[in-house]
$ cat data.cif   # mmCIF, C-alpha atoms and all ligand atoms
data_protein
loop_
_atom_site.label_atom_id
_atom_site.label_comp_id
_atom_site.auth_asym_id
_atom_site.auth_seq_id
_atom_site.Cartn_x
_atom_site.Cartn_y
_atom_site.Cartn_z
CA MET A 1 12.85 39.28 27.32
CA ARG A 2 9.29 38.45 28.39
CA TRP A 3 8.38 37.77 24.83
CA THR A 4 11.25 35.34 24.30
CA GLN A 5 10.36 33.43 27.44
CA ARG A 6 6.76 33.15 26.39
CA GLY A 7 7.91 32.14 22.90
CA PHE A 8 9.99 29.32 24.36
CA ARG A 9 7.17 28.19 26.57
CA VAL A 10 5.03 27.72 23.46
CA THR A 11 7.61 26.42 21.00
CA LEU A 12 9.35 23.87 23.24
CA PRO A 13 6.26 21.69 23.90
CA LEU A 14 5.32 22.10 20.23
CA LEU A 15 8.78 20.88 19.18
CA ALA A 16 8.59 17.95 21.62
CA LEU A 17 5.14 17.05 20.31
CA SER A 18 6.18 17.11 16.67
CA ALA A 19 9.32 15.08 17.47
CA ALA A 20 7.11 12.49 19.18
CA ALA A 21 4.81 12.40 16.16
CA LEU A 22 7.79 12.00 13.82
CA LEU A 23 9.46 9.27 15.89
CA SER A 24 6.25 7.30 16.28
CA GLY A 25 6.67 6.45 12.60
CA CYS A 26 10.05 4.85 13.28
CA GLY A 27 8.96 1.38 14.43
CA LEU A 28 9.82 -1.38 11.98
CA GLY A 29 6.21 -2.43 11.86
CA LYS A 30 4.16 -4.34 9.34
CA GLN A 31 4.48 -1.81 6.55
CA SER A 32 7.94 -0.32 6.69
CA THR A 33 9.98 0.52 3.62
CA LEU A 34 12.97 0.32 6.01
CA SER A 35 12.63 -3.47 6.30
CA PRO A 36 12.80 -4.61 2.67
CA ALA A 37 11.93 -8.26 1.93
CA GLY A 38 13.02 -8.48 -1.69
CA PRO A 39 15.48 -7.16 -4.29
CA VAL A 40 13.20 -4.40 -5.61
CA ALA A 41 12.51 -2.98 -2.15
CA SER A 42 16.21 -3.30 -1.21
CA ALA A 43 17.35 -1.38 -4.28
CA GLN A 44 14.77 1.32 -3.64
CA LEU A 45 15.88 1.58 -0.01
CA GLY A 46 19.51 1.83 -1.16
CA MET A 47 18.59 4.78 -3.37
CA PHE A 48 16.70 6.37 -0.49
CA TRP A 49 19.84 6.14 1.72
CA GLU A 50 22.00 7.51 -1.10
CA SER A 51 19.80 10.56 -1.65
CA LEU A 52 19.46 11.04 2.12
CA ALA A 53 23.28 11.00 2.43
CA ILE A 54 23.69 13.54 -0.38
CA MET A 55 21.03 15.82 1.08
CA THR A 56 22.48 15.54 4.58
CA GLY A 57 25.88 16.52 3.15
CA ILE A 58 24.36 19.55 1.41
CA PHE A 59 22.54 20.53 4.59
CA ILE A 60 25.71 20.34 6.70
CA VAL A 61 27.75 22.44 4.24
CA VAL A 62 25.01 25.08 3.80
CA ALA A 63 24.29 25.25 7.55
CA ALA A 64 28.02 25.58 8.35
CA VAL A 65 28.54 28.42 5.84
CA PHE A 66 25.37 30.09 7.10
CA LEU A 67 26.36 29.87 10.77
CA TYR A 68 29.90 31.05 10.01
CA SER A 69 28.52 34.06 8.08
CA ILE A 70 26.00 35.22 10.66
CA ILE A 71 28.61 35.04 13.42
CA ARG A 72 31.68 36.31 11.56
CA PHE A 73 29.89 39.14 9.72
CA ARG A 74 27.36 40.22 12.34
CA ALA A 75 26.91 43.94 13.09
CA ARG A 76 29.07 45.00 16.01
CA PRO A 77 28.37 47.99 18.31
CA GLY A 78 29.41 51.13 16.48
CA ASP A 79 29.14 49.57 13.01
CA ASN A 80 26.98 52.23 11.44
CA GLU A 81 28.37 52.16 7.89
CA LEU A 82 26.76 50.12 5.10
CA PRO A 83 29.02 47.12 4.35
CA LYS A 84 30.77 46.99 0.97
CA GLN A 85 28.12 46.24 -1.69
CA VAL A 86 28.96 43.37 -4.10
CA HIS A 87 27.05 41.84 -6.95
CA GLY A 88 27.76 38.60 -8.78
CA ASN A 89 30.70 36.23 -8.39
CA THR A 90 31.35 34.17 -11.51
CA THR A 91 33.53 31.55 -9.81
CA LEU A 92 30.98 30.92 -7.06
CA GLU A 93 28.13 30.73 -9.55
CA ILE A 94 29.96 28.20 -11.71
CA VAL A 95 30.81 26.12 -8.62
CA TRP A 96 27.25 26.02 -7.30
CA THR A 97 25.93 25.10 -10.72
CA ILE A 98 28.41 22.29 -11.32
CA ILE A 99 28.20 20.66 -7.86
CA PRO A 100 24.40 20.03 -8.07
CA ILE A 101 24.84 18.65 -11.60
CA ILE A 102 27.39 16.15 -10.32
CA LEU A 103 25.14 15.20 -7.39
CA LEU A 104 22.14 14.75 -9.70
CA VAL A 105 24.21 12.53 -11.99
CA PHE A 106 25.05 10.36 -8.96
CA LEU A 107 21.32 10.03 -8.26
CA ALA A 108 20.41 9.50 -11.92
CA ILE A 109 22.80 6.58 -12.51
CA PRO A 110 21.11 4.10 -10.11
CA THR A 111 17.64 5.47 -10.94
CA VAL A 112 18.05 4.78 -14.66
CA HIS A 113 19.85 1.49 -14.00
CA TYR A 114 17.07 0.12 -11.74
CA SER A 115 14.29 1.48 -13.97
CA PHE A 116 15.57 -0.83 -16.69
CA ALA A 117 16.65 -3.68 -14.39
CA PHE A 118 13.16 -3.89 -12.85
CA GLN A 119 11.20 -4.01 -16.10
CA ALA A 120 9.12 -7.18 -15.98
CA PRO A 121 10.71 -9.81 -18.26
CA ALA A 122 8.31 -11.54 -20.66
CA THR A 123 8.94 -14.84 -18.86
CA ALA A 124 7.91 -13.57 -15.41
CA MET A 125 4.87 -15.13 -13.75
CA LYS A 126 1.82 -12.88 -14.20
CA VAL A 127 -0.84 -11.92 -11.68
CA ASP A 128 -3.64 -9.67 -12.95
CA VAL A 129 -4.77 -7.11 -10.40
CA VAL A 130 -8.01 -5.16 -10.74
CA GLY A 131 -8.64 -2.30 -8.32
CA HIS A 132 -12.27 -1.87 -7.27
CA GLN A 133 -13.88 0.61 -4.90
CA TYR A 134 -12.79 -0.69 -2.26
CA TRP A 135 -11.28 -4.11 -2.71
CA TRP A 136 -8.69 -5.96 -4.78
CA GLU A 137 -9.29 -8.67 -7.36
CA PHE A 138 -6.41 -11.04 -8.13
CA ASP A 139 -6.55 -13.30 -11.19
CA TYR A 140 -3.94 -15.91 -12.05
CA PRO A 141 -4.17 -16.10 -15.84
CA GLY A 142 -2.13 -19.29 -16.07
CA SER A 143 -4.14 -21.29 -13.57
CA LYS A 144 -7.68 -19.87 -13.76
CA VAL A 145 -7.72 -18.90 -10.10
CA THR A 146 -9.43 -15.73 -8.86
CA THR A 147 -9.33 -14.39 -5.35
CA ALA A 148 -9.79 -11.13 -3.45
CA ASN A 149 -7.75 -9.06 -1.02
CA ILE A 150 -5.13 -11.77 -0.59
CA VAL A 151 -2.54 -12.79 -3.15
CA HIS A 152 -0.34 -15.86 -2.82
CA ILE A 153 3.04 -15.89 -4.59
CA PRO A 154 6.04 -18.23 -4.59
CA VAL A 155 9.23 -17.05 -2.88
CA ASN A 156 12.29 -15.91 -4.92
CA THR A 157 10.18 -15.57 -8.06
CA LYS A 158 9.77 -12.49 -10.22
CA ILE A 159 6.08 -11.60 -10.32
CA ASN A 160 4.69 -9.30 -12.98
CA PHE A 161 1.66 -7.62 -11.41
CA VAL A 162 -0.51 -6.46 -14.32
CA LEU A 163 -2.52 -3.56 -12.97
CA THR A 164 -5.79 -2.03 -14.07
CA SER A 165 -8.92 -0.57 -12.48
CA ALA A 166 -12.67 -1.17 -12.76
CA ASP A 167 -13.63 2.33 -11.69
CA VAL A 168 -11.31 5.10 -10.42
CA ILE A 169 -7.54 5.40 -9.97
CA HIS A 170 -6.10 3.20 -7.21
CA SER A 171 -2.47 2.53 -6.31
CA PHE A 172 -0.84 -0.82 -5.53
CA TRP A 173 1.65 -0.65 -2.68
CA VAL A 174 3.37 -3.33 -0.60
CA PRO A 175 6.01 -1.28 1.28
CA GLU A 176 8.24 -4.25 2.20
CA LEU A 177 8.32 -5.54 -1.39
CA GLY A 178 8.56 -2.25 -3.30
CA GLY A 179 6.31 -0.02 -5.28
CA LYS A 180 4.11 1.82 -5.82
CA THR A 181 2.18 1.90 -9.12
CA ASP A 182 -1.22 3.30 -10.08
CA LEU A 183 -4.13 1.21 -11.39
CA ILE A 184 -5.79 3.38 -14.03
CA PRO A 185 -9.12 2.62 -15.76
CA GLY A 186 -8.58 1.84 -19.44
CA ARG A 187 -4.82 1.40 -19.02
CA VAL A 188 -2.55 -1.48 -18.11
CA ASN A 189 0.49 -0.86 -15.88
CA HIS A 190 3.13 -3.36 -14.86
CA LEU A 191 4.91 -3.70 -11.54
CA LEU A 192 7.66 -6.24 -10.99
CA LEU A 193 8.04 -7.46 -7.41
CA GLU A 194 9.95 -10.33 -5.88
CA ALA A 195 9.97 -11.60 -2.29
CA SER A 196 13.11 -13.19 -0.93
CA LYS A 197 11.56 -14.63 2.23
CA THR A 198 8.34 -16.43 3.04
CA GLY A 199 5.73 -14.80 5.22
CA THR A 200 2.87 -12.33 5.00
CA PHE A 201 3.39 -8.78 3.79
CA TYR A 202 0.78 -6.07 4.01
CA GLY A 203 -0.33 -3.88 1.14
CA GLN A 204 -2.88 -1.15 0.67
CA CYS A 205 -4.30 1.33 -1.77
CA ALA A 206 -2.06 4.40 -1.87
CA GLN A 207 -4.28 6.70 -3.93
CA LEU A 208 -7.32 8.42 -2.43
CA CYS A 209 -10.17 6.67 -4.26
CA GLY A 210 -13.29 7.51 -2.24
CA PRO A 211 -14.73 7.17 1.26
CA GLY A 212 -13.61 3.52 1.66
CA HIS A 213 -10.01 4.21 0.59
CA ALA A 214 -8.50 3.68 4.06
CA TYR A 215 -10.20 0.25 4.19
CA MET A 216 -8.71 -1.01 0.93
CA LYS A 217 -5.98 -3.31 2.21
CA PHE A 218 -4.62 -6.66 1.08
CA GLU A 219 -2.14 -9.32 2.09
CA VAL A 220 0.67 -10.88 0.09
CA VAL A 221 1.36 -14.44 1.24
CA VAL A 222 4.81 -15.55 0.14
CA GLN A 223 5.15 -19.34 0.13
CA THR A 224 7.64 -22.04 -0.79
CA PRO A 225 6.94 -23.28 -4.34
CA ALA A 226 5.41 -26.50 -2.96
CA ALA A 227 3.06 -24.70 -0.57
CA TYR A 228 2.13 -22.26 -3.33
CA GLN A 229 1.27 -25.13 -5.71
CA ALA A 230 -0.84 -26.76 -2.99
CA TRP A 231 -2.76 -23.48 -2.58
CA VAL A 232 -3.30 -23.18 -6.36
CA SER A 233 -4.66 -26.68 -6.61
CA ALA A 234 -6.94 -26.20 -3.57
CA MET A 235 -8.32 -23.07 -5.24
CA GLN A 236 -8.79 -24.96 -8.51
CA HIS A 237 -10.71 -27.79 -6.88
CA PRO A 238 -12.99 -26.18 -4.29
CA THR A 239 -15.35 -28.56 -2.56
CA VAL A 240 -18.58 -27.12 -1.27
CA SER A 241 -20.28 -29.68 0.93
CA VAL A 242 -23.61 -28.35 2.13
CA THR A 243 -25.19 -30.86 4.52
CA THR A 244 -27.23 -29.32 7.35
CA SER A 245 -30.65 -27.79 6.68
CA GLU A 246 -29.33 -24.40 7.85
CA GLN A 247 -26.49 -24.56 5.30
CA LYS A 248 -28.97 -25.57 2.59
CA ALA A 249 -31.27 -22.67 3.48
CA GLY A 250 -28.23 -20.36 3.36
CA MET A 251 -27.24 -21.64 -0.07
CA ALA A 252 -30.77 -21.06 -1.40
CA LEU A 253 -30.76 -17.53 -0.01
CA PHE A 254 -27.33 -16.95 -1.51
CA LYS A 255 -28.62 -17.98 -4.92
CA GLN A 256 -31.47 -15.52 -4.61
CA ASP A 257 -29.80 -12.51 -2.95
CA CYS A 258 -26.07 -12.75 -3.54
CA SER A 259 -25.22 -14.77 -6.65
CA THR A 260 -25.76 -11.83 -9.03
CA CYS A 261 -22.70 -10.20 -7.47
CA HIS A 262 -20.57 -13.08 -6.14
CA THR A 263 -18.89 -16.12 -7.69
CA VAL A 264 -18.40 -19.27 -5.61
CA GLY A 265 -16.16 -21.95 -7.12
CA GLY A 266 -17.75 -25.40 -6.98
CA THR A 267 -21.28 -23.94 -7.43
CA SER A 268 -23.16 -22.34 -10.33
CA PHE A 269 -22.95 -18.87 -8.73
CA ASN A 270 -20.91 -16.63 -10.98
CA GLY A 271 -21.63 -12.94 -10.27
CA LYS A 272 -18.75 -10.61 -11.05
CA VAL A 273 -19.62 -7.36 -9.22
CA GLY A 274 -18.16 -8.25 -5.82
CA PRO A 275 -15.23 -10.37 -4.60
CA ASN A 276 -14.99 -14.01 -5.68
CA LEU A 277 -15.86 -15.99 -2.54
CA THR A 278 -14.19 -19.31 -3.48
CA GLU A 279 -12.48 -20.77 -0.38
CA LEU A 280 -13.63 -17.68 1.58
CA MET A 281 -12.85 -19.30 4.93
CA THR A 282 -9.13 -19.51 4.09
CA ARG A 283 -8.92 -15.70 4.06
CA PRO A 284 -7.82 -14.09 7.33
CA THR A 285 -9.95 -10.97 6.84
CA ILE A 286 -13.08 -9.80 5.03
CA ALA A 287 -13.93 -6.55 3.28
CA ALA A 288 -10.30 -5.79 2.35
CA GLY A 289 -8.80 -5.98 5.81
CA THR A 290 -11.71 -4.25 7.58
CA LEU A 291 -12.74 -7.19 9.81
CA THR A 292 -11.07 -10.45 10.83
CA ASN A 293 -12.82 -13.38 9.21
CA THR A 294 -14.94 -14.86 12.02
CA PRO A 295 -18.57 -16.05 11.93
CA ALA A 296 -19.56 -13.15 14.20
CA ASN A 297 -17.91 -10.63 11.86
CA LEU A 298 -19.47 -12.23 8.77
CA ALA A 299 -22.85 -11.75 10.44
CA LYS A 300 -21.97 -8.17 11.32
CA TRP A 301 -20.97 -7.56 7.69
CA LEU A 302 -24.14 -9.07 6.21
CA HIS A 303 -26.27 -7.06 8.64
CA ASN A 304 -25.12 -3.72 7.19
CA PRO A 305 -22.02 -3.54 4.93
CA PRO A 306 -21.87 0.26 4.47
CA GLY A 307 -22.34 0.61 8.24
CA VAL A 308 -19.22 -1.50 8.82
CA LYS A 309 -17.11 -0.04 6.03
CA PRO A 310 -17.70 3.54 4.85
CA GLY A 311 -18.65 3.68 1.19
CA ALA A 312 -18.83 -0.12 0.75
CA LEU A 313 -20.58 -0.95 -2.52
CA MET A 314 -22.31 -4.05 -1.16
CA PRO A 315 -25.80 -2.83 -0.28
CA ASN A 316 -27.60 -3.36 3.00
CA LEU A 317 -30.03 -6.15 2.03
CA ASN A 318 -32.14 -5.80 5.19
CA LEU A 319 -31.68 -9.47 6.06
CA SER A 320 -33.31 -10.93 9.17
CA GLN A 321 -31.14 -12.50 11.90
CA THR A 322 -32.34 -15.97 10.82
CA GLN A 323 -31.39 -15.29 7.21
CA ILE A 324 -27.98 -13.98 8.31
CA GLN A 325 -27.36 -17.07 10.46
CA SER A 326 -28.11 -19.46 7.58
CA LEU A 327 -26.02 -17.40 5.12
CA VAL A 328 -23.08 -17.49 7.55
CA ALA A 329 -23.57 -21.26 7.95
CA PHE A 330 -23.34 -21.58 4.16
CA LEU A 331 -20.31 -19.25 3.87
CA GLU A 332 -18.53 -21.32 6.54
CA THR A 333 -18.59 -24.32 4.19
CA LEU A 334 -16.38 -22.44 1.67
CA LYS A 335 -13.03 -23.91 2.66
C1 LIG A 401 -24.78 -5.49 -5.54
C2 LIG A 401 -23.75 -6.48 -5.42
C3 LIG A 401 -23.65 -7.31 -4.17
C4 LIG A 401 -24.62 -8.10 -3.60
C5 LIG A 401 -26.06 -8.29 -4.03
C6 LIG A 401 -23.97 -8.79 -2.51
N1 LIG A 401 -22.67 -8.40 -2.40
FE1 LIG A 401 -21.32 -9.11 -1.10
N2 LIG A 401 -19.96 -7.76 -1.75
C7 LIG A 401 -20.16 -6.88 -2.78
C8 LIG A 401 -19.03 -5.99 -2.86
C9 LIG A 401 -18.84 -4.85 -3.86
C10 LIG A 401 -18.15 -6.38 -1.84
C11 LIG A 401 -16.80 -5.75 -1.49
C12 LIG A 401 -17.01 -4.72 -0.41
C13 LIG A 401 -15.72 -4.08 0.03
O1 LIG A 401 -14.84 -4.80 0.56
O2 LIG A 401 -15.58 -2.86 -0.13
C14 LIG A 401 -18.75 -7.51 -1.18
C15 LIG A 401 -18.15 -8.22 -0.14
C16 LIG A 401 -18.68 -9.37 0.42
C17 LIG A 401 -17.98 -10.21 1.36
C18 LIG A 401 -16.55 -10.02 1.85
C19 LIG A 401 -15.62 -10.76 0.91
C20 LIG A 401 -14.16 -10.52 1.15
O3 LIG A 401 -13.37 -11.43 0.93
O4 LIG A 401 -13.78 -9.41 1.54
C21 LIG A 401 -18.82 -11.24 1.69
C22 LIG A 401 -18.57 -12.40 2.63
C23 LIG A 401 -20.06 -11.00 0.96
N3 LIG A 401 -19.92 -9.86 0.19
C24 LIG A 401 -21.18 -11.82 1.03
C25 LIG A 401 -22.39 -11.51 0.43
C26 LIG A 401 -23.61 -12.24 0.68
C27 LIG A 401 -23.74 -13.44 1.59
C28 LIG A 401 -24.57 -11.62 -0.06
C29 LIG A 401 -26.04 -11.94 -0.13
C30 LIG A 401 -26.76 -11.83 1.10
C31 LIG A 401 -23.94 -10.53 -0.81
N4 LIG A 401 -22.65 -10.50 -0.47
C32 LIG A 401 -24.61 -9.71 -1.68
C33 LIG A 401 -21.26 -6.82 -3.62
C34 LIG A 401 -22.44 -7.48 -3.40
CU CU A 402 -8.23 2.52 -3.87
#

$ encode --input "data.cif" --output "structure tokens"
Amino acid sequence: MRWTQRGFRVTLPLLALSAAALLSGCGLGKQSTLSPAGPVASAQLGMFWESLAIMTGIFIVVAAVFLYSIIRFRARPGDNELPKQVHGNTTLEIVWTIIPIILLVFLAIPTVHYSFAFQAPATAMKVDVVGHQYWWEFDYPGSKVTTANIVHIPVNTKINFVLTSADVIHSFWVPELGGKTDLIPGRVNHLLLEASKTGTFYGQCAQLCGPGHAYMKFEVVVQTPAAYQAWVSAMQHPTVSVTTSEQKAGMALFKQDCSTCHTVGGTSFNGKVGPNLTELMTRPTIAAGTLTNTPANLAKWLHNPPGVKPGALMPNLNLSQTQIQSLVAFLETLK
């Protein structure tokens, strides 16, 4: 008796705690597969509900038979004989082989159907995605636009994301649009996604890729075709107007310290190691979602990148506060 009471005292709070932990995942937040925003995500959610329904059905039947058996066939006082020993029941075995086959066929039909239906058609708009430790490169092959950690796409349009990696295996995942697919060095994978409403959707790397993995996020900005075109042409015609002496000093420093790694459209800087910084000020965050894009945070970043983001592959360049201020003044002109 004592033992049971003590057992309850321990297990009840534990149960409550784990229920709280489970339910805390239930909010329809920024990255929920339960709030699909496109046909791919909707179909995947439909299949999730279908398999959940089948599994719930199986659970109810098995639990009911189990409960019935332990109550109906429990040992009663005075039952000292061994019960009748049986082995094998052909009918039962055939039944519990055939029922799972039927259930698996019900799951296989939509799986196979959607696997073919969501193959990227040759006509779909392409966006090349390169995974880097720990940031995302997006190239628009048709329009010669390159950006980082934010990808703009037109609404109601099939997009063929062409995925590869510059270093280790990453995984491309935008829960509200569907997914996910690995980016593998030396291989090219395709992922078809489509958004049926405008807005911003949040993605992230879903494959442990090193110490900065948790800071490898990106945003998908879904726009009307007109707004999307306006963005493309702004990216194609960046204007860098450096006027103050501080901005000029920053640009000179950039040439010396940063241009081997970073490209800036509208200038001669064309490094390819780090993110392309064209129109940097139009991005809401820096360092793949690690910091919001403000002058203070840019300064914080330049002061010590690996100190801000674990594992960041931009080195600490030991810049002085004056150098940082002029670099930030220059970066602020990239809009
Ligand atoms: C050795 C190559 C290298 C050098 C040199 C370098 N960077 Fe970087 N930079 C990177 C890499 C890699 C990242 C991506 C870090 C991450 O998000 O994990 C980055 C990220 C950035 C970002 C954030 C961009 C974004 O959209 O997330 C800014 C801004 C930046 N660097 C500015 C500079 C400036 C200014 C200098 C010169 C003082 C500089 N970098 C020098 C490699 C470099
Ligand atoms: Cu990654």

$ residues_near_ligand --input "data.cif" --ligand "ligand LIG 401 (chain A)" --cutoff "7 Å" --atoms "only C-alpha atoms and all ligand atoms" --output "ChimeraX atom specification"
/A:133-135,148-149,212,254,257-258,260-262,273-275,277,280,283,285-288,298,302,309,312-315,317,327

$ closest_residue --input "data.cif" --among "A:Gln223, A:Ser245, A:Thr198, A:Ser51" --to "Pro110 (chain A)" --atoms "all atoms listed in the file"
A:Ser51

$ atom_distance --input "data.cif" --atom1 "CA of Thr91 (chain A)" --atom2 "CA of Ile70 (chain A)"
22.1 Å

$ residues_around --input "data.cif" --residues "Val174 (chain A)" --least-positions-apart "4" --cutoff "10 Å" --atoms "only C-alpha atoms" --output "ChimeraX atom specification"
/A:31-33,41,178-180,193,201-206,217-220

$ residues_around --input "data.cif" --residues "region 128-131 of chain A" --least-positions-apart "3" --cutoff "6 Å" --atoms "only C-alpha atoms" --output "list in words"
Trp136, Glu137, Phe138, Asp139, Phe161, Val162, Leu163, Thr164 and Ser165 of chain A

$ residues_near_ligand --input "data.cif" --ligand "ligand CU 402 (chain A)" --cutoff "6 Å" --atoms "only C-alpha atoms and all ligand atoms" --output "list in words"
Tyr134, His170, Cys205, Gln207, Cys209, His213 and Met216 of chain A

$ residues_around --input "data.cif" --residues "Pro36 (chain A)" --least-positions-apart "2" --cutoff "9 Å" --atoms "only C-alpha atoms" --output "list in words"
Ser32, Thr33, Leu34, Gly38, Pro39, Val40, Ala41, Ser42, Ala43, Gln44, Leu45, Pro175, Glu176, Leu177 and Gly178 of chain A

$ axis_aligned_box --input "data.cif" --around "region 180-191 of chain A" --padding-each-side "8 Å" --output "JSON"
{"center_x": -2.1, "center_y": -0.2, "center_z": -12.6, "size_x": 30.0, "size_y": 23.1, "size_z": 29.6}

$ decode --input "data.cif" --residues "region 66-142 of chain A" --atoms "C-alpha atoms" --output "PDB file, in the first residue's frame"
ATOM      1  CA  PHE A  66      -6.479  -6.240 -23.861  1.00  0.00           C
ATOM      2  CA  LEU A  67      -8.682  -4.711 -21.147  1.00  0.00           C
ATOM      3  CA  TYR A  68     -11.436  -7.258 -21.777  1.00  0.00           C
ATOM      4  CA  SER A  69      -8.914 -10.121 -21.473  1.00  0.00           C
ATOM      5  CA  ILE A  70      -7.237  -9.001 -18.267  1.00  0.00           C
ATOM      6  CA  ILE A  71     -10.604  -8.487 -16.585  1.00  0.00           C
ATOM      7  CA  ARG A  72     -12.542 -11.447 -17.980  1.00  0.00           C
ATOM      8  CA  PHE A  73      -9.706 -13.984 -17.626  1.00  0.00           C
ATOM      9  CA  ARG A  74      -8.051 -12.769 -14.420  1.00  0.00           C
ATOM     10  CA  ALA A  75      -7.146 -15.289 -11.703  1.00  0.00           C
ATOM     11  CA  ARG A  76      -9.907 -15.567  -9.132  1.00  0.00           C
ATOM     12  CA  PRO A  77      -9.443 -16.688  -5.492  1.00  0.00           C
ATOM     13  CA  GLY A  78      -9.146 -20.460  -5.480  1.00  0.00           C
ATOM     14  CA  ASP A  79      -8.032 -20.694  -9.113  1.00  0.00           C
ATOM     15  CA  ASN A  80      -4.979 -22.833  -8.557  1.00  0.00           C
ATOM     16  CA  GLU A  81      -5.066 -24.902 -11.761  1.00  0.00           C
ATOM     17  CA  LEU A  82      -3.049 -23.970 -14.863  1.00  0.00           C
ATOM     18  CA  PRO A  83      -5.474 -22.662 -17.516  1.00  0.00           C
ATOM     19  CA  LYS A  84      -5.957 -24.732 -20.684  1.00  0.00           C
ATOM     20  CA  GLN A  85      -2.776 -24.425 -22.775  1.00  0.00           C
ATOM     21  CA  VAL A  86      -3.300 -23.499 -26.463  1.00  0.00           C
ATOM     22  CA  HIS A  87      -0.885 -22.901 -29.278  1.00  0.00           C
ATOM     23  CA  GLY A  88      -1.575 -21.352 -32.672  1.00  0.00           C
ATOM     24  CA  ASN A  89      -4.877 -20.269 -34.178  1.00  0.00           C
ATOM     25  CA  THR A  90      -4.833 -20.268 -37.979  1.00  0.00           C
ATOM     26  CA  THR A  91      -7.943 -18.107 -38.406  1.00  0.00           C
ATOM     27  CA  LEU A  92      -6.657 -15.427 -36.027  1.00  0.00           C
ATOM     28  CA  GLU A  93      -3.233 -15.427 -37.648  1.00  0.00           C
ATOM     29  CA  ILE A  94      -4.684 -15.002 -41.131  1.00  0.00           C
ATOM     30  CA  VAL A  95      -6.938 -12.180 -39.885  1.00  0.00           C
ATOM     31  CA  TRP A  96      -4.136 -10.245 -38.206  1.00  0.00           C
ATOM     32  CA  THR A  97      -1.944 -10.608 -41.264  1.00  0.00           C
ATOM     33  CA  ILE A  98      -4.584  -9.462 -43.737  1.00  0.00           C
ATOM     34  CA  ILE A  99      -5.892  -6.460 -41.752  1.00  0.00           C
ATOM     35  CA  PRO A 100      -2.461  -4.724 -41.564  1.00  0.00           C
ATOM     36  CA  ILE A 101      -1.943  -5.388 -45.292  1.00  0.00           C
ATOM     37  CA  ILE A 102      -5.220  -3.646 -46.072  1.00  0.00           C
ATOM     38  CA  LEU A 103      -4.342  -0.727 -43.776  1.00  0.00           C
ATOM     39  CA  LEU A 104      -0.892  -0.383 -45.359  1.00  0.00           C
ATOM     40  CA  VAL A 105      -2.460  -0.356 -48.818  1.00  0.00           C
ATOM     41  CA  PHE A 106      -4.698   2.522 -47.669  1.00  0.00           C
ATOM     42  CA  LEU A 107      -1.573   4.411 -46.596  1.00  0.00           C
ATOM     43  CA  ALA A 108       0.398   3.472 -49.714  1.00  0.00           C
ATOM     44  CA  ILE A 109      -2.181   4.745 -52.223  1.00  0.00           C
ATOM     45  CA  PRO A 110      -1.950   8.465 -51.291  1.00  0.00           C
ATOM     46  CA  THR A 111       1.801   8.174 -50.594  1.00  0.00           C
ATOM     47  CA  VAL A 112       2.550   6.878 -54.090  1.00  0.00           C
ATOM     48  CA  HIS A 113       0.006   9.236 -55.664  1.00  0.00           C
ATOM     49  CA  TYR A 114       1.520  12.363 -54.053  1.00  0.00           C
ATOM     50  CA  SER A 115       5.103  11.197 -54.629  1.00  0.00           C
ATOM     51  CA  PHE A 116       4.389  11.374 -58.347  1.00  0.00           C
ATOM     52  CA  ALA A 117       2.040  14.380 -58.207  1.00  0.00           C
ATOM     53  CA  PHE A 118       4.682  16.488 -56.426  1.00  0.00           C
ATOM     54  CA  GLN A 119       7.560  15.763 -58.783  1.00  0.00           C
ATOM     55  CA  ALA A 120       8.795  19.134 -60.034  1.00  0.00           C
ATOM     56  CA  PRO A 121       7.583  19.664 -63.614  1.00  0.00           C
ATOM     57  CA  ALA A 122      10.256  20.806 -66.085  1.00  0.00           C
ATOM     58  CA  THR A 123       8.399  24.102 -66.515  1.00  0.00           C
ATOM     59  CA  ALA A 124       8.433  25.030 -62.817  1.00  0.00           C
ATOM     60  CA  MET A 125      10.351  28.125 -61.746  1.00  0.00           C
ATOM     61  CA  LYS A 126      13.753  27.146 -60.329  1.00  0.00           C
ATOM     62  CA  VAL A 127      15.537  28.465 -57.257  1.00  0.00           C
ATOM     63  CA  ASP A 128      18.987  27.018 -56.561  1.00  0.00           C
ATOM     64  CA  VAL A 129      19.675  26.513 -52.869  1.00  0.00           C
ATOM     65  CA  VAL A 130      23.166  25.893 -51.494  1.00  0.00           C
ATOM     66  CA  GLY A 131      23.490  24.906 -47.841  1.00  0.00           C
ATOM     67  CA  HIS A 132      26.562  26.310 -46.081  1.00  0.00           C
ATOM     68  CA  GLN A 133      27.729  25.941 -42.491  1.00  0.00           C
ATOM     69  CA  TYR A 134      25.574  27.838 -41.239  1.00  0.00           C
ATOM     70  CA  TRP A 135      23.654  29.890 -43.742  1.00  0.00           C
ATOM     71  CA  TRP A 136      21.603  29.545 -46.922  1.00  0.00           C
ATOM     72  CA  GLU A 137      22.484  30.760 -50.394  1.00  0.00           C
ATOM     73  CA  PHE A 138      19.621  31.333 -52.845  1.00  0.00           C
ATOM     74  CA  ASP A 139      20.335  31.812 -56.557  1.00  0.00           C
ATOM     75  CA  TYR A 140      17.710  32.625 -59.153  1.00  0.00           C
ATOM     76  CA  PRO A 141      19.170  31.108 -62.315  1.00  0.00           C
ATOM     77  CA  GLY A 142      16.728  32.888 -64.622  1.00  0.00           C
TER      78      GLY A 142
END
